[in-house]
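Colleague: To start, I am sharing the structure in question, which I have written as structure tokens.
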Amino acid sequence: MIPLIQKEIVEEMCWMSQRECIDILGVTQVAPGAVAINSSIYIGYKLKGVRGALAAAAGMVLPSFLIITLIAMIFTRLQEQSFVLAFFQGVRPGIVAMIAYAAYRMSTHVLNKYFNWIVAALAFIGVVLVHIHPIAVIITGGLAGYLNGIFFANESED
């Protein structure tokens, strides 16, 4: 969902800048719930207040709910069929590619300073090798950015 959200709100609708989109995605990942729903609620609120947030939440939840309900009804009957298994064998690498593409697109706007590279590398090591919970990594990264801004304000200017 992240590449779709990013493309739609930054490139298609021009509701916000790339930097603001990345900030929103970071904040909404810390909040409980799905990133897409949290992001849509934030964007809806930013654009149209409480009504916008409610409309955005309904717009994100209802179509997915109806589609997933229909898929679940069909999938439970067909999940062991060879064509379904083959389909998912192709879908999985496609999903990995989409996630990698989203990471690449975001990295071109974020990894533009040594500090950001260091935080990204330590976060990757923390999650992949040390198995630190992602929320702890996000909060620690935010704290590191805050402290970097306080102590090295002139060096972290864009």
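Labels used: A, B, ... for chains in the order of the structure tokens, numbers from 1 for residues in each chain, and numbers from 1 for ligands as shown.
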Check stretch 99-132 of chain A with DSSP on the backbone and list each residue it calls alpha helix (DSSP H), as an NGL selection string.
Modeller: :A and (99-110 or 114-128)
Colleague: If you keep C-alpha atoms, can you produce a file of those selected residues as a PDB file, in the first residue's frame?
Modeller:
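out-v1.pdb was written with the following content:
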ATOM      1  CA  ILE A  99       7.971  -3.472  -1.065  1.00  0.00           C
ATOM      2  CA  ALA A 100      11.530  -3.151  -2.416  1.00  0.00           C
ATOM      3  CA  TYR A 101      10.340  -0.498  -4.887  1.00  0.00           C
ATOM      4  CA  ALA A 102       8.637   1.487  -2.108  1.00  0.00           C
ATOM      5  CA  ALA A 103      11.817   1.289  -0.023  1.00  0.00           C
ATOM      6  CA  TYR A 104      13.883   2.481  -2.985  1.00  0.00           C
ATOM      7  CA  ARG A 105      11.549   5.421  -3.734  1.00  0.00           C
ATOM      8  CA  MET A 106      11.514   6.517  -0.101  1.00  0.00           C
ATOM      9  CA  SER A 107      15.270   6.070   0.294  1.00  0.00           C
ATOM     10  CA  THR A 108      16.056   8.533  -2.492  1.00  0.00           C
ATOM     11  CA  HIS A 109      14.379  11.264  -0.436  1.00  0.00           C
ATOM     12  CA  VAL A 110      15.527  10.178   3.009  1.00  0.00           C
ATOM     13  CA  TYR A 114      25.292  10.674   6.728  1.00  0.00           C
ATOM     14  CA  PHE A 115      23.133  10.788   9.853  1.00  0.00           C
ATOM     15  CA  ASN A 116      20.188   9.264   7.977  1.00  0.00           C
ATOM     16  CA  TRP A 117      22.399   6.498   6.552  1.00  0.00           C
ATOM     17  CA  ILE A 118      23.668   5.671  10.036  1.00  0.00           C
ATOM     18  CA  VAL A 119      20.160   5.557  11.525  1.00  0.00           C
ATOM     19  CA  ALA A 120      18.899   3.413   8.626  1.00  0.00           C
ATOM     20  CA  ALA A 121      21.818   0.983   8.949  1.00  0.00           C
ATOM     21  CA  LEU A 122      21.432   0.668  12.715  1.00  0.00           C
ATOM     22  CA  ALA A 123      17.665   0.217  12.360  1.00  0.00           C
ATOM     23  CA  PHE A 124      18.187  -2.520   9.765  1.00  0.00           C
ATOM     24  CA  ILE A 125      20.716  -4.280  11.987  1.00  0.00           C
ATOM     25  CA  GLY A 126      18.421  -3.889  14.992  1.00  0.00           C
ATOM     26  CA  VAL A 127      15.408  -5.412  13.250  1.00  0.00           C
ATOM     27  CA  VAL A 128      17.102  -8.089  11.127  1.00  0.00           C
TER      28      VAL A 128
END
Colleague: Work out how far apart atom CA of A:Ile41 and atom CA of A:Ala57 are and give it in Å to one decimal.
Modeller: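 The value is 5.6 Å.
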Colleague: Write out as an NGL selection string the residues lying within 10 Å of stretch 4-18 of chain A, counting only C-alpha atoms and excluding same-chain residues fewer than 4 positions away.
Modeller: :A and (22-25 or 35-36 or 39-40 or 43 or 46-47 or 98 or 102 or 105-106 or 109-110)
Colleague: Export, as a tab-separated table (two decimals), in the first residue's frame, the selected residues with N, CA, C and O atoms.
Modeller:
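Output file again_0.tsv is given in full below:
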chain	number	residue	atom	x	y	z
A	22	ILE	N	6.46	11.10	3.72
A	22	ILE	CA	7.35	10.19	4.46
A	22	ILE	C	7.17	10.37	5.96
A	22	ILE	O	7.12	9.40	6.71
A	23	ASP	N	7.02	11.62	6.40
A	23	ASP	CA	6.80	11.88	7.83
A	23	ASP	C	5.49	11.26	8.30
A	23	ASP	O	5.43	10.64	9.37
A	24	ILE	N	4.44	11.41	7.50
A	24	ILE	CA	3.14	10.83	7.85
A	24	ILE	C	3.24	9.31	7.94
A	24	ILE	O	2.72	8.69	8.87
A	25	LEU	N	3.90	8.70	6.97
A	25	LEU	CA	4.04	7.24	6.99
A	25	LEU	C	4.82	6.78	8.21
A	25	LEU	O	4.50	5.75	8.81
A	35	VAL	N	-1.25	0.84	8.37
A	35	VAL	CA	-0.65	2.09	7.89
A	35	VAL	C	-1.58	2.79	6.90
A	35	VAL	O	-1.75	4.01	6.96
A	36	ALA	N	-2.19	2.05	6.00
A	36	ALA	CA	-3.06	2.66	5.00
A	36	ALA	C	-4.24	3.37	5.64
A	36	ALA	O	-4.59	4.50	5.25
A	39	SER	N	-2.92	6.41	7.69
A	39	SER	CA	-2.51	7.48	6.78
A	39	SER	C	-3.72	8.18	6.18
A	39	SER	O	-3.75	9.40	6.08
A	40	SER	N	-4.71	7.39	5.75
A	40	SER	CA	-5.89	8.01	5.14
A	40	SER	C	-6.64	8.88	6.14
A	40	SER	O	-7.13	9.96	5.79
A	43	ILE	N	-4.62	12.10	6.52
A	43	ILE	CA	-4.73	12.95	5.33
A	43	ILE	C	-6.14	13.53	5.22
A	43	ILE	O	-6.31	14.71	4.93
A	46	LYS	N	-6.39	16.29	7.70
A	46	LYS	CA	-5.60	17.45	7.26
A	46	LYS	C	-6.35	18.25	6.19
A	46	LYS	O	-6.33	19.46	6.19
A	47	LEU	N	-7.03	17.53	5.29
A	47	LEU	CA	-7.70	18.20	4.18
A	47	LEU	C	-9.08	18.74	4.54
A	47	LEU	O	-9.45	19.83	4.12
A	98	MET	N	7.32	-5.11	-4.89
A	98	MET	CA	6.63	-3.84	-4.60
A	98	MET	C	7.15	-3.20	-3.32
A	98	MET	O	7.31	-1.97	-3.25
A	102	ALA	N	9.04	0.43	-3.05
A	102	ALA	CA	8.64	1.49	-2.11
A	102	ALA	C	9.83	1.92	-1.27
A	102	ALA	O	10.04	3.12	-1.04
A	105	ARG	N	12.10	4.07	-3.49
A	105	ARG	CA	11.55	5.42	-3.73
A	105	ARG	C	11.68	6.30	-2.50
A	105	ARG	O	12.03	7.47	-2.59
A	106	MET	N	11.41	5.74	-1.33
A	106	MET	CA	11.51	6.52	-0.10
A	106	MET	C	12.97	6.82	0.22
A	106	MET	O	13.29	7.90	0.70
A	109	HIS	N	14.72	10.00	-1.08
A	109	HIS	CA	14.38	11.26	-0.44
A	109	HIS	C	14.86	11.34	1.01
A	109	HIS	O	14.92	12.42	1.58
A	110	VAL	N	15.17	10.21	1.59
A	110	VAL	CA	15.53	10.18	3.01
A	110	VAL	C	17.03	10.01	3.22
A	110	VAL	O	17.62	10.67	4.07
Colleague: Work out how far apart atom CA of A:Val30 and atom CA of A:Ile139 are and give it in Å to one decimal.
Modeller: 7.8 Å
Colleague: Interatomic distance between atom CA of A:Gly141 and atom CA of A:Ala53?
Modeller: 27.6 Å
